Amino acid sequence: MTDTARIFRDSAADRAHRAKWWTSRIAIYGVLILWAFICLFPIYWTVTTSFKLAPDVMKGNMVPWWDYTPRWKGWQSLGLSPDAIFQTSTVREEFLKRFLNSLVTSVTSSGLAVALGSLAAYGLSRFSYRFGFMKNSDISFFFLSQMILPPVVLALPFLVLYKSLALLDTRVGLILLYTLMVLPIVIWIMRDQFAGIPVELEEAALVDGLGIWGAFFQIVLPIALPGMVAAFILSLVLTWNEYFFAALLTSTDAKTLPVMVASQTGSQGINWWSMAALSSAAILPLVLVAVFLEKYIIKGMAAGAVK
Amino acid sequence: MTTEGDLLHTVTSERISALRRRAGRSLVWVTGLGFLAIALWQGLYSFQKVGWGFDTWRPVLFAYLVWATALCAAQVIVRGEAGKRTLFILPAVLFVVSLVVFPLLFGLYISFTDWNLASQDGMKPNGLDNLRQMWNDTFFWNALKNMIYYVLAVLVEYAIAFGLAVLLNAQIRGRKFFRVAFLLPLMLSPVAVSWMIGKSMMEIRFGPLARLARELGWDRPSFFGTPEMARFTIMAMDAWTFIPFMMIMLLAGLQALPKEVIEASKVDGATPWQSFREVIFPLMLPVSVTAIVIRIIFKLKLADIIINVTSGGPGGATDSVTSFIFREYRDRSNVGYGTLLAMVYLVLIVIFITLLLKFASRFLERPQ
Amino acid sequence: MKVELYNRICAAQKLSRRRMLQGSAALGAALAMPKVALADSHAKLRAEILKIPGVGAGSPTDADWQKVGEMVLGATKANVAEGEFKGVELTFMGLNNQNLHNFLFRGFLKPWEAYTGAKINWIDLAQADYNARLQQSIATGTVDFDIIEMGAPFEGDVLGKGLASEMPGWVRDQIDMNDYVDYLKAPVGTWDGKTYRVSIDGDCHTFSYRKDYYDNADMASAWATEGDGSAWAPPKTWEMVQKHSKFLAGKTDPLTGLEAYGFLDPLKGWGGFGFYFLEDRATPYAKHPGDPAWLFDPDTMKPRVNNPAFVQAIQDVMDLIATPNAYPADQINADPGTTAFQQFLAGTGGMLDWWGDVGSSARTSDTSVVGDVVGFDINPGSEKVWNSQTSSWENTPNQSPNMAYLGWGIYVMATVDSDTKKHKAAWSAAAHLGGKDIALWMSAYPSGFQPYRNSQFNYDEWEAAGYDRAYIEDYLGSNLESYNHPNAAIEPRIPGIFQYYSVAEDELAKGYAGQYKSAQETADAIAAAWEKITDQIGRESQIKLYKASLGI
């Protein structure tokens, strides 16, 4: 950008411009690095704590090999340290089972929510509906209001409902509930996405002989992909970390990770190392998702530039 | 159901035969009646009016699914193109309605009963007593007052998130690193945030934050000692988790902005600040409203961090409505009253959000 | 410690040998072995158990739990044939407290499962979820577990509704219930004369203090000038605790070189558990030796929490809050977990009331830095006591240790009663966890459980395991003395007791934050909230159950 601009400037102004450019660069990177530090330090703290012994945690030692010696303590308590990995460990079995359950429930429910939500959002952004007295804005609000519900309202009713449907302690039960929980956000995000896509694209597709569903799948969906990925990531984060209903509705077969993280506190104080190890292990998949799907967001943005 | 005023106009020239219509309608009726019959039978069985039935209500669920599928299919069979349009939204509506209706009605009923789980007599309807109790409950009103502070903090979060989004959208190196880094706080579970940050990093003697505070000249750092400070700490921790959430929404919005408009404003000689204020910000309003509204809704449910870190203390200064309901409902098993509080809170939120959206739509036209 | 050394010490354990013979844990082997050899091998077994993984070797791991479970399987083998429970599936609901409780049980029961052929499914709950989950299960009829780990305070909720299975006689013999300390014998664990509970834990609060504070010459001389003329020694009454705490504000801790503090009061709630800590301060004032009741009036359920005794306790805390630097910064946000594990065991503060596991944690837990300088005693007493009958203070010294929570137990639910095989399997699993030898190990290592049997107070065994004799006598002695105290404050086993505690915490938090004008006003607010709960749960039935739990 600056290169092309410079052609039109004379040298004195160019120097001033360059000085200004440098200060703004420094300011921008200063802020970026500061914020990156704010974001990363607690995570660094969490990950390193999983390698500390209690006295190291208590003394607030920060730099490994310098003010403390990293140990496998936290991971050992999960049966995931090098020396424990080949032994039978009930804790590790427990951890892996919960990990798998968390994975299945959060991915499935996020996927389901993105599928249902994108369809609904597209409909809301393109067509006018009337269900009785409800118009589009009312329908949108109806969806949104599901997110407002404080979870405690639904706690006991859901317990009763799920009991009679034999959905207690099943992954399906959790998936349904989590889908319900994140659907409103998906719809709201996707509605803005679709609203930003010009209708002319579909009109052209319709002229070319595609049906509305064909136009949706072949034309609109690829453009809206970044939004869907963003919605998916958000849903994933929210469902992955959901605690309240997981604690209430599961017991043996479908139990998830957050309850185990919460269990690291209680009447015997807190196991910093194993809580840190659990938190680190729990955040890892999400970090991978962020790193991996970030690419797709950018790709999707490139596709969005076509419009 | 009409489809007047569609944004996307479709020409429907097809003709649907009466036979096809009838077939579609009867499909809905047959499956619907089947569902009702099974539900009725199971209901009778569970009240022991009939001798045999299913162990659980699950077959009723399957019957419902069949009916719902039939209803969706019938839309297309009966109404053709118009039905295809309805099909976009119908699955989501059916899903939400079916999952929410029963719990909500049951919850409404509970909220007008005196139901302490420890009570030997179980549930006792008690009319408006719970409302009366709420009216005199200083804890509830105090928590409601705190929510105002918490919600106002969203504006600060929005400003920070917007600034970060603009920075990330600028021409910078290592953009991917910064994006991923800025996103990470969102990924940590609230429980872990509460403990690793609230209890470990803010530990008074050796926690890194306390040490930093001492370096900066605060002799006896105390993050929860006074009501104001405790509230601020809670807000900061919550902000730390959720700023990334607003940030990515705003970033997505920024990247979707038409480049020509911004270039045009540059060619017109606008300073960066001018082009931001006159062009970018107004264009970003719809996304901003969405981000803020969703964020406020999350904020209104703020509970996990408070429950784990302060339990609402000191003296209720950090109590949120949800964390108070949580204590009433779970620690004290006071289900009837707790549910009523939640219902009242729900009504308050709905009113608040409606007003907020009305207010927002004044200076922003979104396509309906 | 060397094996030879172990054996020599074990051989010297005459006392334990006699007691071992009474035990029924090795019934099966008794037929085959001469008595002396049996006792010897049993004592050896106990010594061997205590060596896993060994004091000072850090917290035990899963492999250790399984090893212990394997070693104590003898009692089960006497009652159950190998593979007898093949095909039986049981569901066990318990806590996952820092990967203790259920995780221990899992390790302990793994060999049991391998031997009997039964399979156990586990429901792990965080402690914060426990009460709510249990109440909701009961209220909605979703009792989806066969065995439950439960505290005695919930007996009113569970046993009162007939949800548990009565203990069969052979279990009673296998776990040797006569060995229980006195306060855990009936009526605790029983309902309408039937026994339901397999104890695995005993609970009471004891007083821990830092010996190095009281051995410190500088502090002693400072006390000589600033104090009230008494000797600089661990306080025996709350009045002295107050004086010492005020004195210690602003002094320097001899161990860490940081600021010293006196008594550590948790000023923040802890899901109801925080109220026990106010009770600690209040019971010597409130529990009159001539009156079994101290929390409510037994005839009316009128709360006593706003009588002068409790108000005095609240006032004591408020006095320390008003004293600059009497508490660490942010104490207003410190719950009992913080005071015990982040403060006291980590070297902050001079005195603490807690459950006994602070004692074993001080030595064996990775968290502790005070293992060498901690001393124990029964809870402080008082110089006066409130008589509720005459509504007046009596200026007689009083002591009343607080039996907070009464301890965890294993209960079998009535869901197994219809199936004989399942019934026996569930009870066998419960008995395995409630066994005499496993109990010894659990009280010696971080498990979350305290001693609850007289056989656990055999100091020779502890010494043999590598504990310092003086230390262990100090630590266990404070527990034993509390358990057997004639004026112990026993918690009412009435339904919803934690609701009372929880609401009291909320009001106390307001009081401590200065939102009420006085201690009296705070106490009155608690009393008003308690009356409301009593009315809601049902006053008549509460009165009846409260009287029953007091034995009147």
# chains A, B, ... in the order shown; residues from 1 in each chain; ligands from 1
>>> residues_around(residues="Phe310 (chain C)", least_positions_apart="4", cutoff="7 Å", atoms="only C-alpha atoms", output="NGL selection string")
:C and (282 or 286 or 305-306 or 314)
>>> write_last_selection(atoms="N, CA and C atoms", output="short mmCIF file (atom, residue, chain, number, x, y, z; two decimals), in the first residue's frame")
data_model
loop_
_atom_site.label_atom_id
_atom_site.label_comp_id
_atom_site.auth_asym_id
_atom_site.auth_seq_id
_atom_site.Cartn_x
_atom_site.Cartn_y
_atom_site.Cartn_z
N ALA C 282 -18.05 -21.10 68.39
CA ALA C 282 -19.25 -20.91 69.21
C ALA C 282 -19.53 -22.05 70.17
N ALA C 286 -21.57 -22.16 73.57
CA ALA C 286 -22.98 -22.48 73.37
C ALA C 286 -23.38 -23.86 73.87
N VAL C 305 -28.89 -19.60 67.14
CA VAL C 305 -27.74 -18.98 66.49
C VAL C 305 -27.67 -17.49 66.80
N ASN C 306 -28.75 -16.92 67.35
CA ASN C 306 -28.66 -15.51 67.74
C ASN C 306 -28.65 -15.31 69.25
N ILE C 314 -19.35 -14.56 66.73
CA ILE C 314 -19.34 -13.67 65.56
C ILE C 314 -18.57 -12.39 65.90
#
>>> select_by_dssp(residues="region 144-239 of chain C", states="alpha helix (DSSP H)", output="list in words")
Glu155, Gly156, Asp157, Val158, Gly169, Trp170, Val171, Arg172, Asp173, Gln174, Ile175, Lys211, Asp212, Tyr213, Tyr214, Asp215, Ala217, Asp218, Met219, Ala220, Ser221, Ala222, Trp223, Ala224, Thr225, Glu226, Trp238 and Glu239 of chain C
>>> closest_atom_pairs(of="chain C", to="chain B", cutoff="8 Å", atoms="only C-alpha atoms", output="CSV")
residue,atom,partner,partner_atom,distance
C:Asp129,CA,B:Arg330,CA,7.9
C:Asn131,CA,B:Asp331,CA,7.0
C:Ala132,CA,B:Arg330,CA,4.9
C:Gln135,CA,B:Leu117,CA,6.0
C:Gln136,CA,B:Leu117,CA,7.0
C:Ala139,CA,B:Leu117,CA,6.0
C:Asp157,CA,B:Ala118,CA,6.5
C:Lys268,CA,B:Gly313,CA,7.1
C:Gly269,CA,B:Ser311,CA,6.8
C:Trp270,CA,B:Ser311,CA,7.9
C:Gly271,CA,B:Asp331,CA,6.2
C:Gly272,CA,B:Asp331,CA,7.3
C:Ala329,CA,B:Ser222,CA,5.7
C:Asp330,CA,B:Gly225,CA,4.8
C:Gln331,CA,B:Gly225,CA,7.4
C:Ile332,CA,B:Pro314,CA,6.2
C:Asn333,CA,B:Thr310,CA,6.0
C:Pro495,CA,B:Ala118,CA,5.7
C:Gly496,CA,B:Ala118,CA,5.2
C:Phe498,CA,B:Arg332,CA,6.9
C:Gln499,CA,B:Arg332,CA,4.3
C:Tyr500,CA,B:Arg332,CA,7.7
C:Ser502,CA,B:Asp331,CA,6.3
C:Val503,CA,B:Arg332,CA,7.5
C:Asp506,CA,B:Gly315,CA,7.7
C:Ala509,CA,B:Gly315,CA,4.8
C:Lys510,CA,B:Gly315,CA,3.9
C:Gly511,CA,B:Gly315,CA,7.1
C:Tyr512,CA,B:Gly315,CA,7.1
C:Ala513,CA,B:Gly315,CA,4.9
C:Gly514,CA,B:Gly315,CA,7.7
C:Gln515,CA,B:Gly315,CA,7.0
C:Gln536,CA,B:Asn116,CA,6.9
C:Ile537,CA,B:Ser119,CA,4.2
C:Gly538,CA,B:Ser119,CA,6.7
>>> closest_atom_pairs(of="chain A", to="chain B", cutoff="6 Å", atoms="only C-alpha atoms", output="Markdown table")
| residue | atom | partner | partner_atom | distance |
| --- | --- | --- | --- | --- |
| A:Ala36 | CA | B:Ala181 | CA | 5.9 |
| A:Cys39 | CA | B:Pro185 | CA | 6.0 |
| A:Lys59 | CA | B:Phe206 | CA | 5.2 |
| A:Gly60 | CA | B:Phe206 | CA | 4.9 |
| A:Leu116 | CA | B:Ala92 | CA | 5.5 |
| A:Leu119 | CA | B:Phe88 | CA | 4.9 |
| A:Ala120 | CA | B:Ile89 | CA | 4.1 |
| A:Gly123 | CA | B:Phe88 | CA | 5.3 |
| A:Arg126 | CA | B:Leu7 | CA | 5.0 |
| A:Phe127 | CA | B:Asp6 | CA | 4.4 |
| A:Ser128 | CA | B:Thr3 | CA | 5.2 |
| A:Tyr129 | CA | B:Thr3 | CA | 5.7 |
| A:Arg130 | CA | B:Met1 | CA | 4.9 |
| A:Phe131 | CA | B:Met1 | CA | 5.8 |
| A:Val153 | CA | B:Thr339 | CA | 5.4 |
| A:Leu154 | CA | B:Pro103 | CA | 5.9 |
| A:Pro157 | CA | B:Pro103 | CA | 4.7 |
| A:Phe158 | CA | B:Pro103 | CA | 5.9 |
| A:Ser164 | CA | B:Trp57 | CA | 5.4 |
| A:Leu165 | CA | B:Arg58 | CA | 4.6 |
| A:Val237 | CA | B:Met187 | CA | 5.8 |
| A:Asn241 | CA | B:Ser189 | CA | 5.1 |
| A:Ile283 | CA | B:Leu188 | CA | 6.0 |
>>> atom_distance(atom1="CA of Gly30 (chain A)", atom2="CA of Asn169 (chain B)")
15.6 Å
>>> select_by_dssp(residues="region 95-323 of chain C", states="strand (DSSP E)", output="PyMOL selection string")
chain C and resi 95+119-125+147-151+190-191+194-195+198-199+205-210
>>> interface_residues(of="chain A", to="chain C", cutoff="10 Å", atoms="only C-alpha atoms", output="PyMOL selection string")
chain A and resi 53-59+73+76-79+84+87-92+94+155-157+159-160+163+168-169+244+247-253+255+259-272+274-275
>>> write_last_selection(atoms="N, CA and C atoms", output="short mmCIF file (atom, residue, chain, number, x, y, z; two decimals), in the first residue's frame")
data_model
loop_
_atom_site.label_atom_id
_atom_site.label_comp_id
_atom_site.auth_asym_id
_atom_site.auth_seq_id
_atom_site.Cartn_x
_atom_site.Cartn_y
_atom_site.Cartn_z
N LEU A 53 5.69 -28.87 41.39
CA LEU A 53 5.25 -29.43 42.65
C LEU A 53 4.59 -28.31 43.44
N ALA A 54 3.85 -28.70 44.47
CA ALA A 54 3.09 -27.71 45.22
C ALA A 54 3.93 -26.54 45.73
N PRO A 55 5.10 -26.80 46.29
CA PRO A 55 5.89 -25.66 46.78
C PRO A 55 6.25 -24.69 45.66
N ASP A 56 6.47 -25.22 44.44
CA ASP A 56 6.75 -24.34 43.31
C ASP A 56 5.55 -23.47 42.99
N VAL A 57 4.35 -24.08 43.09
CA VAL A 57 3.15 -23.31 42.84
C VAL A 57 3.02 -22.23 43.90
N MET A 58 3.21 -22.63 45.14
CA MET A 58 3.02 -21.71 46.25
C MET A 58 4.00 -20.55 46.18
N LYS A 59 5.23 -20.84 45.76
CA LYS A 59 6.21 -19.77 45.70
C LYS A 59 6.08 -18.95 44.43
N LYS A 73 4.70 -34.58 37.84
CA LYS A 73 3.70 -34.83 38.88
C LYS A 73 2.25 -34.75 38.39
N GLN A 76 1.49 -37.34 35.95
CA GLN A 76 1.52 -38.64 36.60
C GLN A 76 0.20 -38.92 37.30
N SER A 77 -0.37 -37.89 37.92
CA SER A 77 -1.62 -38.10 38.63
C SER A 77 -2.74 -38.43 37.66
N LEU A 78 -2.56 -38.12 36.38
CA LEU A 78 -3.55 -38.53 35.38
C LEU A 78 -3.13 -39.82 34.68
N GLY A 79 -1.98 -40.35 35.08
CA GLY A 79 -1.49 -41.55 34.41
C GLY A 79 -0.96 -41.27 33.02
N ALA A 84 4.29 -43.46 33.82
CA ALA A 84 3.01 -44.08 34.17
C ALA A 84 2.22 -44.52 32.94
N GLN A 87 1.57 -48.23 32.52
CA GLN A 87 0.92 -48.97 33.59
C GLN A 87 -0.58 -48.78 33.50
N THR A 88 -1.31 -49.73 34.10
CA THR A 88 -2.75 -49.50 34.15
C THR A 88 -3.01 -48.35 35.11
N SER A 89 -3.88 -47.49 34.72
CA SER A 89 -4.20 -46.37 35.59
C SER A 89 -5.69 -46.10 35.49
N THR A 90 -6.39 -46.21 36.60
CA THR A 90 -7.83 -45.95 36.56
C THR A 90 -8.10 -44.48 36.27
N VAL A 91 -7.19 -43.62 36.71
CA VAL A 91 -7.38 -42.19 36.46
C VAL A 91 -7.29 -41.90 34.97
N ARG A 92 -6.32 -42.56 34.31
CA ARG A 92 -6.17 -42.29 32.88
C ARG A 92 -7.38 -42.80 32.11
N GLU A 94 -10.34 -43.06 33.15
CA GLU A 94 -11.39 -42.09 33.42
C GLU A 94 -11.21 -40.85 32.54
N ALA A 155 -33.11 -26.90 34.73
CA ALA A 155 -32.40 -28.02 35.34
C ALA A 155 -33.34 -29.16 35.73
N LEU A 156 -34.27 -28.86 36.63
CA LEU A 156 -35.11 -29.94 37.12
C LEU A 156 -36.06 -30.46 36.06
N PRO A 157 -36.71 -29.55 35.28
CA PRO A 157 -37.55 -30.06 34.19
C PRO A 157 -36.80 -30.98 33.25
N LEU A 159 -34.25 -32.80 33.93
CA LEU A 159 -33.98 -34.05 34.63
C LEU A 159 -35.20 -34.97 34.51
N VAL A 160 -36.37 -34.39 34.72
CA VAL A 160 -37.60 -35.18 34.65
C VAL A 160 -37.85 -35.65 33.22
N LYS A 163 -35.37 -38.26 32.11
CA LYS A 163 -35.58 -39.52 32.78
C LYS A 163 -36.67 -40.32 32.08
N LEU A 168 -31.17 -39.80 30.08
CA LEU A 168 -30.20 -39.46 31.11
C LEU A 168 -28.92 -40.23 30.88
N ASP A 169 -27.81 -39.55 31.10
CA ASP A 169 -26.52 -40.22 30.99
C ASP A 169 -26.29 -40.82 29.60
N PHE A 244 -22.53 -27.12 33.79
CA PHE A 244 -23.73 -27.24 34.61
C PHE A 244 -24.56 -28.47 34.26
N ALA A 247 -22.82 -31.87 34.69
CA ALA A 247 -22.81 -32.37 36.06
C ALA A 247 -24.17 -32.92 36.44
N LEU A 248 -25.21 -32.33 35.87
CA LEU A 248 -26.56 -32.71 36.28
C LEU A 248 -27.05 -33.97 35.58
N LEU A 249 -26.80 -34.08 34.28
CA LEU A 249 -27.50 -35.08 33.48
C LEU A 249 -26.67 -36.32 33.18
N THR A 250 -25.41 -36.32 33.52
CA THR A 250 -24.62 -37.50 33.22
C THR A 250 -24.13 -38.12 34.51
N SER A 251 -23.83 -39.40 34.44
CA SER A 251 -23.27 -40.04 35.62
C SER A 251 -22.15 -41.01 35.27
N THR A 252 -22.41 -41.95 34.38
CA THR A 252 -21.39 -42.95 34.13
C THR A 252 -20.93 -42.98 32.68
N ASP A 253 -21.89 -43.10 31.78
CA ASP A 253 -21.51 -43.36 30.39
C ASP A 253 -21.15 -42.11 29.61
N LYS A 255 -20.24 -38.97 30.81
CA LYS A 255 -19.66 -37.86 31.56
C LYS A 255 -18.52 -37.20 30.80
N VAL A 259 -16.41 -31.58 34.42
CA VAL A 259 -16.73 -32.00 35.79
C VAL A 259 -15.48 -32.52 36.48
N MET A 260 -14.62 -33.16 35.71
CA MET A 260 -13.38 -33.68 36.30
C MET A 260 -12.45 -32.52 36.68
N VAL A 261 -12.43 -31.49 35.86
CA VAL A 261 -11.61 -30.32 36.21
C VAL A 261 -12.12 -29.71 37.51
N ALA A 262 -13.43 -29.58 37.61
CA ALA A 262 -14.00 -28.98 38.81
C ALA A 262 -13.72 -29.84 40.03
N SER A 263 -13.58 -31.14 39.80
CA SER A 263 -13.36 -32.05 40.93
C SER A 263 -11.98 -31.91 41.54
N GLN A 264 -11.12 -31.15 40.91
CA GLN A 264 -9.78 -31.00 41.46
C GLN A 264 -9.77 -30.09 42.68
N THR A 265 -10.93 -29.53 42.99
CA THR A 265 -11.03 -28.72 44.19
C THR A 265 -11.99 -29.41 45.13
N GLY A 266 -11.90 -29.09 46.38
CA GLY A 266 -12.82 -29.72 47.31
C GLY A 266 -12.28 -29.65 48.71
N SER A 267 -12.65 -30.63 49.51
CA SER A 267 -12.34 -30.50 50.93
C SER A 267 -10.86 -30.72 51.23
N GLN A 268 -10.08 -31.16 50.27
CA GLN A 268 -8.65 -31.30 50.54
C GLN A 268 -7.83 -30.22 49.83
N GLY A 269 -8.40 -29.03 49.72
CA GLY A 269 -7.66 -27.96 49.06
C GLY A 269 -7.73 -28.14 47.57
N ILE A 270 -6.63 -27.94 46.91
CA ILE A 270 -6.64 -28.04 45.46
C ILE A 270 -5.36 -28.70 44.98
N ASN A 271 -5.51 -29.59 44.01
CA ASN A 271 -4.34 -30.18 43.37
C ASN A 271 -3.96 -29.32 42.18
N TRP A 272 -3.11 -28.35 42.44
CA TRP A 272 -2.78 -27.42 41.35
C TRP A 272 -2.29 -28.16 40.14
N SER A 274 -2.61 -31.28 39.07
CA SER A 274 -3.49 -32.07 38.22
C SER A 274 -4.59 -31.22 37.61
N MET A 275 -5.01 -30.16 38.33
CA MET A 275 -5.96 -29.26 37.69
C MET A 275 -5.31 -28.61 36.47
#
>>> residues_around(residues="Gly371 (chain C)", least_positions_apart="3", cutoff="12 Å", atoms="only C-alpha atoms", output="MDAnalysis selection string")
chainID C and resid 55:56 208:212 255 344:347 358:368 374:376 467:468 471:472 475
>>> atom_distance(atom1="CA of Ile533 (chain C)", atom2="CA of Ile497 (chain C)")
9.7 Å
>>> residues_around(residues="Thr390 (chain C)", least_positions_apart="3", cutoff="12 Å", atoms="only C-alpha atoms", output="JSON, numbers by chain")
{"C": [288, 290, 291, 385, 386, 387, 393, 394]}
>>> closest_residue(among="A:Val182, A:Leu167, A:Leu236, A:Met190", to="Leu149 (chain A)", atoms="only C-alpha atoms")
A:Val182
>>> closest_residue(among="A:Ile219, A:Leu34, A:Asp192, A:Gly173", to="Leu285 (chain B)", atoms="only C-alpha atoms")
A:Asp192
>>> atom_distance(atom1="CA of Gly227 (chain C)", atom2="CA of Lys251 (chain C)")
13.5 Å
>>> closest_residue(among="B:Ser288, B:Asn130, B:Gln75, B:Ser98", to="Ala159 (chain B)", atoms="only C-alpha atoms")
B:Ser288
>>> residues_around(residues="region 114-118 of chain C", least_positions_apart="5", cutoff="6 Å", atoms="only C-alpha atoms", output="PyMOL selection string")
chain C and resi 82-86+88-89
>>> write_last_selection(atoms="C-alpha atoms", output="compact mmCIF listing (two decimals), in the first residue's frame")
# COMPACT_ATOMS: atom_id res chain seq x y z
CA GLU C 82 -13.80 -66.41 43.71
CA GLY C 83 -15.89 -65.30 40.77
CA GLU C 84 -19.07 -65.46 42.86
CA PHE C 85 -20.44 -62.16 41.51
CA LYS C 86 -19.72 -62.83 37.86
CA VAL C 88 -23.13 -58.44 38.49
CA GLU C 89 -22.89 -54.75 37.63
